[in-house]
Amino acid sequence: MSDDEAVEEYLFKIVIIGDSAVGKSNLLSRYARNEFNAHSKATIGVEFQTQSVEIDGKEVKAQIWDTAGQERFRAVTSAYYRGAFGALLVYDISRRATFDNVARWLDELNSHSDTTVARMLVGNKCDLENIREVTLEEGKSLAEAEGLFFIETSALDSTNVRTAFEIVIREIYNNVSRRVL
Ligand code: GDP
């Protein structure tokens, strides 16, 4: 056996959902490549990035999927959700409508997955404090009511981006190891 084969490996799919322009792609590019794009790309399709995290001495890989524009047409397909172990549901703290739509995204997620999927509510663009429309408390209490993790992030200045993804990855790992044991 080679050294590579001796290392225990896990690979989990995570999806990012939420309204258009809340910052889904930038959260992923900030996390995976430490990049931020001020101008939205218009590619349509599905894109994913794979990131590795070490937990308990094991290599845990997350394959993180971005809708890449599908949501503009309300056409996020069931294939997108299939096999997901975790989800980041993103809104923009400076646009209340994106927060109001969280319930719709949650319904869609619930209809495509079971309750074991690790879910994180993400209030992105927290750098835009001066034009904030959704308070931190509103985000927190919605998350509490729905049984979601909660965090505010900024893909622009990197606040909490790594933490957001890694809380979800750790939760998936913990869920899976509990089931295996
Ligand atoms: P998506 O459609 O949800 O994937 O959103 P994008 O990642 O394409 O971002 C939409 C727009 O919001 C772009 O102009 C980004 O530059 C901007 N944006 C994304 N994240 C942030 C953030 O954390 N802070 C600020 N101020 N702008 C952001």
# chains A, B, ... in the order shown; residues from 1 in each chain; ligands from 1
>>> residues_near_ligand(ligand="ligand 1", cutoff="10 Å", atoms="only C-alpha atoms and all ligand atoms", output="MDAnalysis selection string")
chainID A and resid 16:30 36:43 66:72 90:94 123:129 152:159 161
>>> select_by_dssp(residues="segment 4-171 of chain A", states="strand (DSSP E)", output="PyMOL selection string")
chain A and resi 9-18+47-55+58-66+84-92+118-124+149-152
>>> write_last_selection(atoms="N, CA and C atoms", output="short mmCIF file (atom, residue, chain, number, x, y, z; two decimals), in the first residue's frame")
data_model
loop_
_atom_site.label_atom_id
_atom_site.label_comp_id
_atom_site.auth_asym_id
_atom_site.auth_seq_id
_atom_site.Cartn_x
_atom_site.Cartn_y
_atom_site.Cartn_z
N GLU A 9 -9.86 9.04 3.67
CA GLU A 9 -10.37 10.21 2.96
C GLU A 9 -11.87 10.25 2.96
N TYR A 10 -12.40 11.44 3.04
CA TYR A 10 -13.84 11.65 2.95
C TYR A 10 -14.09 12.68 1.86
N LEU A 11 -15.18 12.53 1.13
CA LEU A 11 -15.57 13.54 0.13
C LEU A 11 -17.06 13.82 0.26
N PHE A 12 -17.38 15.06 0.54
CA PHE A 12 -18.78 15.44 0.75
C PHE A 12 -19.19 16.56 -0.19
N LYS A 13 -20.41 16.50 -0.67
CA LYS A 13 -20.94 17.57 -1.52
C LYS A 13 -21.67 18.61 -0.65
N ILE A 14 -21.39 19.87 -0.94
CA ILE A 14 -22.07 20.98 -0.26
C ILE A 14 -22.63 21.90 -1.35
N VAL A 15 -23.86 22.38 -1.17
CA VAL A 15 -24.42 23.31 -2.16
C VAL A 15 -24.57 24.70 -1.55
N ILE A 16 -24.44 25.71 -2.41
CA ILE A 16 -24.70 27.09 -1.99
C ILE A 16 -25.96 27.55 -2.72
N ILE A 17 -26.94 28.04 -1.94
CA ILE A 17 -28.18 28.52 -2.55
C ILE A 17 -28.52 29.90 -2.02
N GLY A 18 -29.48 30.54 -2.68
CA GLY A 18 -29.91 31.88 -2.29
C GLY A 18 -30.15 32.71 -3.54
N GLU A 47 -20.95 25.02 -11.32
CA GLU A 47 -19.52 24.95 -11.13
C GLU A 47 -19.26 24.46 -9.73
N PHE A 48 -18.18 23.71 -9.55
CA PHE A 48 -17.83 23.38 -8.17
C PHE A 48 -16.33 23.47 -7.97
N GLN A 49 -15.97 23.58 -6.71
CA GLN A 49 -14.57 23.65 -6.30
C GLN A 49 -14.39 22.61 -5.20
N THR A 50 -13.23 22.00 -5.17
CA THR A 50 -12.98 21.04 -4.09
C THR A 50 -11.96 21.62 -3.11
N GLN A 51 -12.30 21.56 -1.83
CA GLN A 51 -11.43 22.07 -0.78
C GLN A 51 -11.17 20.98 0.25
N SER A 52 -9.96 20.91 0.74
CA SER A 52 -9.63 19.90 1.76
C SER A 52 -9.45 20.53 3.13
N VAL A 53 -9.95 19.85 4.13
CA VAL A 53 -9.77 20.31 5.51
C VAL A 53 -9.30 19.10 6.30
N GLU A 54 -8.38 19.32 7.25
CA GLU A 54 -7.96 18.18 8.07
C GLU A 54 -8.75 18.18 9.38
N ILE A 55 -9.43 17.06 9.64
CA ILE A 55 -10.18 16.93 10.89
C ILE A 55 -9.80 15.60 11.53
N LYS A 58 -7.67 13.33 9.66
CA LYS A 58 -8.17 12.76 8.40
C LYS A 58 -8.37 13.86 7.39
N GLU A 59 -8.17 13.51 6.11
CA GLU A 59 -8.39 14.50 5.06
C GLU A 59 -9.87 14.49 4.67
N VAL A 60 -10.55 15.61 4.91
CA VAL A 60 -11.96 15.71 4.57
C VAL A 60 -12.07 16.68 3.40
N LYS A 61 -12.60 16.18 2.28
CA LYS A 61 -12.72 17.03 1.09
C LYS A 61 -14.16 17.46 0.91
N ALA A 62 -14.35 18.72 0.63
CA ALA A 62 -15.69 19.22 0.35
C ALA A 62 -15.74 19.62 -1.11
N GLN A 63 -16.73 19.06 -1.81
CA GLN A 63 -16.96 19.47 -3.19
C GLN A 63 -18.09 20.49 -3.13
N ILE A 64 -17.74 21.76 -3.30
CA ILE A 64 -18.71 22.83 -3.05
C ILE A 64 -19.26 23.36 -4.36
N TRP A 65 -20.58 23.27 -4.51
CA TRP A 65 -21.25 23.62 -5.77
C TRP A 65 -21.85 25.01 -5.72
N ASP A 66 -21.68 25.72 -6.82
CA ASP A 66 -22.25 27.06 -6.98
C ASP A 66 -23.27 27.00 -8.11
N ALA A 84 -26.27 16.01 -1.67
CA ALA A 84 -25.64 17.04 -0.83
C ALA A 84 -25.71 16.64 0.65
N PHE A 85 -24.60 16.85 1.34
CA PHE A 85 -24.54 16.59 2.79
C PHE A 85 -24.63 17.90 3.58
N GLY A 86 -24.48 19.02 2.88
CA GLY A 86 -24.52 20.31 3.56
C GLY A 86 -24.98 21.40 2.62
N ALA A 87 -25.50 22.49 3.20
CA ALA A 87 -25.97 23.61 2.37
C ALA A 87 -25.70 24.94 3.07
N LEU A 88 -25.24 25.90 2.29
CA LEU A 88 -25.14 27.28 2.77
C LEU A 88 -26.24 28.06 2.09
N LEU A 89 -27.13 28.64 2.91
CA LEU A 89 -28.27 29.39 2.37
C LEU A 89 -27.95 30.87 2.59
N VAL A 90 -27.69 31.58 1.50
CA VAL A 90 -27.11 32.92 1.61
C VAL A 90 -28.14 34.02 1.30
N TYR A 91 -28.13 35.09 2.11
CA TYR A 91 -28.86 36.31 1.78
C TYR A 91 -27.88 37.47 1.90
N ASP A 92 -28.33 38.64 1.46
CA ASP A 92 -27.50 39.85 1.47
C ASP A 92 -28.06 40.78 2.55
N ALA A 118 -26.55 19.24 6.82
CA ALA A 118 -26.07 20.34 7.67
C ALA A 118 -26.38 21.67 6.98
N ARG A 119 -27.10 22.53 7.69
CA ARG A 119 -27.57 23.77 7.06
C ARG A 119 -27.03 25.00 7.79
N MET A 120 -26.53 25.94 7.01
CA MET A 120 -26.01 27.18 7.59
C MET A 120 -26.68 28.37 6.91
N LEU A 121 -27.29 29.25 7.69
CA LEU A 121 -27.82 30.50 7.15
C LEU A 121 -26.69 31.52 7.17
N VAL A 122 -26.45 32.17 6.01
CA VAL A 122 -25.31 33.08 5.88
C VAL A 122 -25.80 34.47 5.48
N GLY A 123 -25.58 35.45 6.34
CA GLY A 123 -25.88 36.84 6.00
C GLY A 123 -24.62 37.46 5.42
N ASN A 124 -24.56 37.54 4.10
CA ASN A 124 -23.32 38.03 3.46
C ASN A 124 -23.34 39.55 3.28
N PHE A 149 -27.48 26.63 11.54
CA PHE A 149 -26.35 27.41 12.02
C PHE A 149 -26.49 28.81 11.43
N PHE A 150 -25.82 29.78 12.03
CA PHE A 150 -25.92 31.14 11.50
C PHE A 150 -24.58 31.87 11.60
N ILE A 151 -24.29 32.66 10.55
CA ILE A 151 -23.08 33.48 10.58
C ILE A 151 -23.26 34.65 9.62
N GLU A 152 -22.65 35.77 9.93
CA GLU A 152 -22.56 36.86 8.94
C GLU A 152 -21.16 36.86 8.36
#
>>> atom_distance(atom1="atom CA of Glu146 of chain A", atom2="atom CA of Val134 of chain A")
17.1 Å
>>> atom_distance(atom1="atom CA of His112 of chain A", atom2="atom CA of Tyr81 of chain A")
6.3 Å
>>> residues_around(residues="Arg178 of chain A", least_positions_apart="6", cutoff="12 Å", atoms="only C-alpha atoms", output="ChimeraX atom specification")
/A:116,171-172
>>> write_last_selection(atoms="N, CA and C atoms", output="short mmCIF file (atom, residue, chain, number, x, y, z; two decimals), in the first residue's frame")
data_model
loop_
_atom_site.label_atom_id
_atom_site.label_comp_id
_atom_site.auth_asym_id
_atom_site.auth_seq_id
_atom_site.Cartn_x
_atom_site.Cartn_y
_atom_site.Cartn_z
N THR A 116 -30.92 15.42 7.84
CA THR A 116 -29.54 15.23 8.25
C THR A 116 -28.57 16.16 7.51
N GLU A 171 -19.54 19.77 10.78
CA GLU A 171 -20.84 19.21 11.18
C GLU A 171 -21.14 17.96 10.34
N ILE A 172 -20.86 18.03 9.04
CA ILE A 172 -21.08 16.86 8.18
C ILE A 172 -20.22 15.70 8.66
#
>>> select_by_dssp(residues="segment 14-171 of chain A", states="alpha helix (DSSP H)", output="number ranges by chain")
A: 24-33, 78-81, 96-100, 102-112, 136-146, 161-171
>>> closest_residue(among="A:Ile131, A:Leu136, A:Leu148, A:Val117", to="Tyr173 of chain A", atoms="only C-alpha atoms")
A:Val117
>>> closest_residue(among="A:Ser78, A:Ala97, A:Ala145, A:Glu138", to="Ser113 of chain A", atoms="only C-alpha atoms")
A:Ser78
>>> closest_residue(among="A:Leu142, A:Asn130, A:Tyr80, A:Asp114", to="Phe99 of chain A", atoms="only C-alpha atoms")
A:Leu142
>>> closest_residue(among="A:Ala164, A:Ile169, A:Val176, A:Ala79", to="Leu109 of chain A", atoms="only C-alpha atoms")
A:Ala79
>>> atom_distance(atom1="atom CA of Thr135 of chain A", atom2="atom CA of Arg96 of chain A")
9.8 Å
>>> decode(residues="segment 12-44 of chain A", atoms="N, CA and C atoms", output="tab-separated table (two decimals), in the first residue's frame")
chain	number	residue	atom	x	y	z
A	12	PHE	N	-17.38	15.06	0.54
A	12	PHE	CA	-18.78	15.44	0.75
A	12	PHE	C	-19.19	16.56	-0.19
A	13	LYS	N	-20.41	16.50	-0.67
A	13	LYS	CA	-20.94	17.57	-1.52
A	13	LYS	C	-21.67	18.61	-0.65
A	14	ILE	N	-21.39	19.87	-0.94
A	14	ILE	CA	-22.07	20.98	-0.26
A	14	ILE	C	-22.63	21.90	-1.35
A	15	VAL	N	-23.86	22.38	-1.17
A	15	VAL	CA	-24.42	23.31	-2.16
A	15	VAL	C	-24.57	24.70	-1.55
A	16	ILE	N	-24.44	25.71	-2.41
A	16	ILE	CA	-24.70	27.09	-1.99
A	16	ILE	C	-25.96	27.55	-2.72
A	17	ILE	N	-26.94	28.04	-1.94
A	17	ILE	CA	-28.18	28.52	-2.55
A	17	ILE	C	-28.52	29.90	-2.02
A	18	GLY	N	-29.48	30.54	-2.68
A	18	GLY	CA	-29.91	31.88	-2.29
A	18	GLY	C	-30.15	32.71	-3.54
A	19	ASP	N	-30.75	33.89	-3.34
A	19	ASP	CA	-31.10	34.74	-4.48
A	19	ASP	C	-29.87	35.15	-5.29
A	20	SER	N	-30.15	35.63	-6.48
A	20	SER	CA	-29.12	36.17	-7.37
A	20	SER	C	-28.39	37.32	-6.70
A	21	ALA	N	-27.10	37.38	-6.91
A	21	ALA	CA	-26.26	38.52	-6.51
A	21	ALA	C	-26.11	38.71	-5.00
A	22	VAL	N	-26.40	37.67	-4.21
A	22	VAL	CA	-26.16	37.79	-2.77
A	22	VAL	C	-24.68	37.55	-2.42
A	23	GLY	N	-23.94	36.99	-3.41
A	23	GLY	CA	-22.51	36.78	-3.20
A	23	GLY	C	-22.09	35.32	-3.13
A	24	LYS	N	-22.92	34.42	-3.65
A	24	LYS	CA	-22.62	32.99	-3.57
A	24	LYS	C	-21.28	32.66	-4.24
A	25	SER	N	-21.12	33.14	-5.48
A	25	SER	CA	-19.88	32.82	-6.23
A	25	SER	C	-18.66	33.41	-5.55
A	26	ASN	N	-18.82	34.61	-5.03
A	26	ASN	CA	-17.67	35.25	-4.39
A	26	ASN	C	-17.31	34.60	-3.05
A	27	LEU	N	-18.30	34.09	-2.34
A	27	LEU	CA	-17.98	33.35	-1.11
A	27	LEU	C	-17.13	32.13	-1.46
A	28	LEU	N	-17.54	31.44	-2.54
A	28	LEU	CA	-16.79	30.24	-2.94
A	28	LEU	C	-15.40	30.60	-3.46
A	29	SER	N	-15.30	31.65	-4.27
A	29	SER	CA	-13.97	31.99	-4.81
A	29	SER	C	-13.07	32.55	-3.72
A	30	ARG	N	-13.66	33.23	-2.73
A	30	ARG	CA	-12.86	33.70	-1.59
A	30	ARG	C	-12.34	32.52	-0.79
A	31	TYR	N	-13.20	31.54	-0.55
A	31	TYR	CA	-12.79	30.38	0.25
A	31	TYR	C	-11.79	29.50	-0.50
A	32	ALA	N	-12.10	29.20	-1.76
A	32	ALA	CA	-11.27	28.23	-2.49
A	32	ALA	C	-10.00	28.84	-3.09
A	33	ARG	N	-10.05	30.10	-3.49
A	33	ARG	CA	-8.90	30.68	-4.20
A	33	ARG	C	-8.45	32.01	-3.62
A	34	ASN	N	-9.10	32.45	-2.55
A	34	ASN	CA	-8.84	33.77	-1.97
A	34	ASN	C	-8.96	34.89	-3.02
A	35	GLU	N	-10.01	34.78	-3.84
A	35	GLU	CA	-10.25	35.80	-4.88
A	35	GLU	C	-11.61	36.44	-4.69
A	36	PHE	N	-11.71	37.71	-5.10
A	36	PHE	CA	-12.99	38.42	-5.07
A	36	PHE	C	-13.15	39.13	-6.41
A	37	ASN	N	-14.37	39.08	-6.98
A	37	ASN	CA	-14.62	39.77	-8.25
A	37	ASN	C	-15.70	40.82	-8.05
A	38	ALA	N	-15.36	42.05	-8.32
A	38	ALA	CA	-16.32	43.14	-8.13
A	38	ALA	C	-17.42	43.07	-9.19
A	39	HIS	N	-17.10	42.46	-10.33
A	39	HIS	CA	-18.10	42.38	-11.39
A	39	HIS	C	-18.57	40.96	-11.54
A	40	SER	N	-19.88	40.83	-11.42
A	40	SER	CA	-20.50	39.53	-11.48
A	40	SER	C	-20.23	38.86	-12.82
A	41	LYS	N	-19.94	37.58	-12.77
A	41	LYS	CA	-19.82	36.81	-14.01
A	41	LYS	C	-21.22	36.36	-14.43
A	42	ALA	N	-21.37	36.05	-15.69
A	42	ALA	CA	-22.71	35.68	-16.14
A	42	ALA	C	-22.80	34.26	-16.66
A	43	THR	N	-21.81	33.47	-16.29
A	43	THR	CA	-21.82	32.08	-16.77
A	43	THR	C	-23.03	31.33	-16.23
A	44	ILE	N	-23.65	30.59	-17.07
A	44	ILE	CA	-24.79	29.80	-16.64
A	44	ILE	C	-24.36	28.33	-16.63
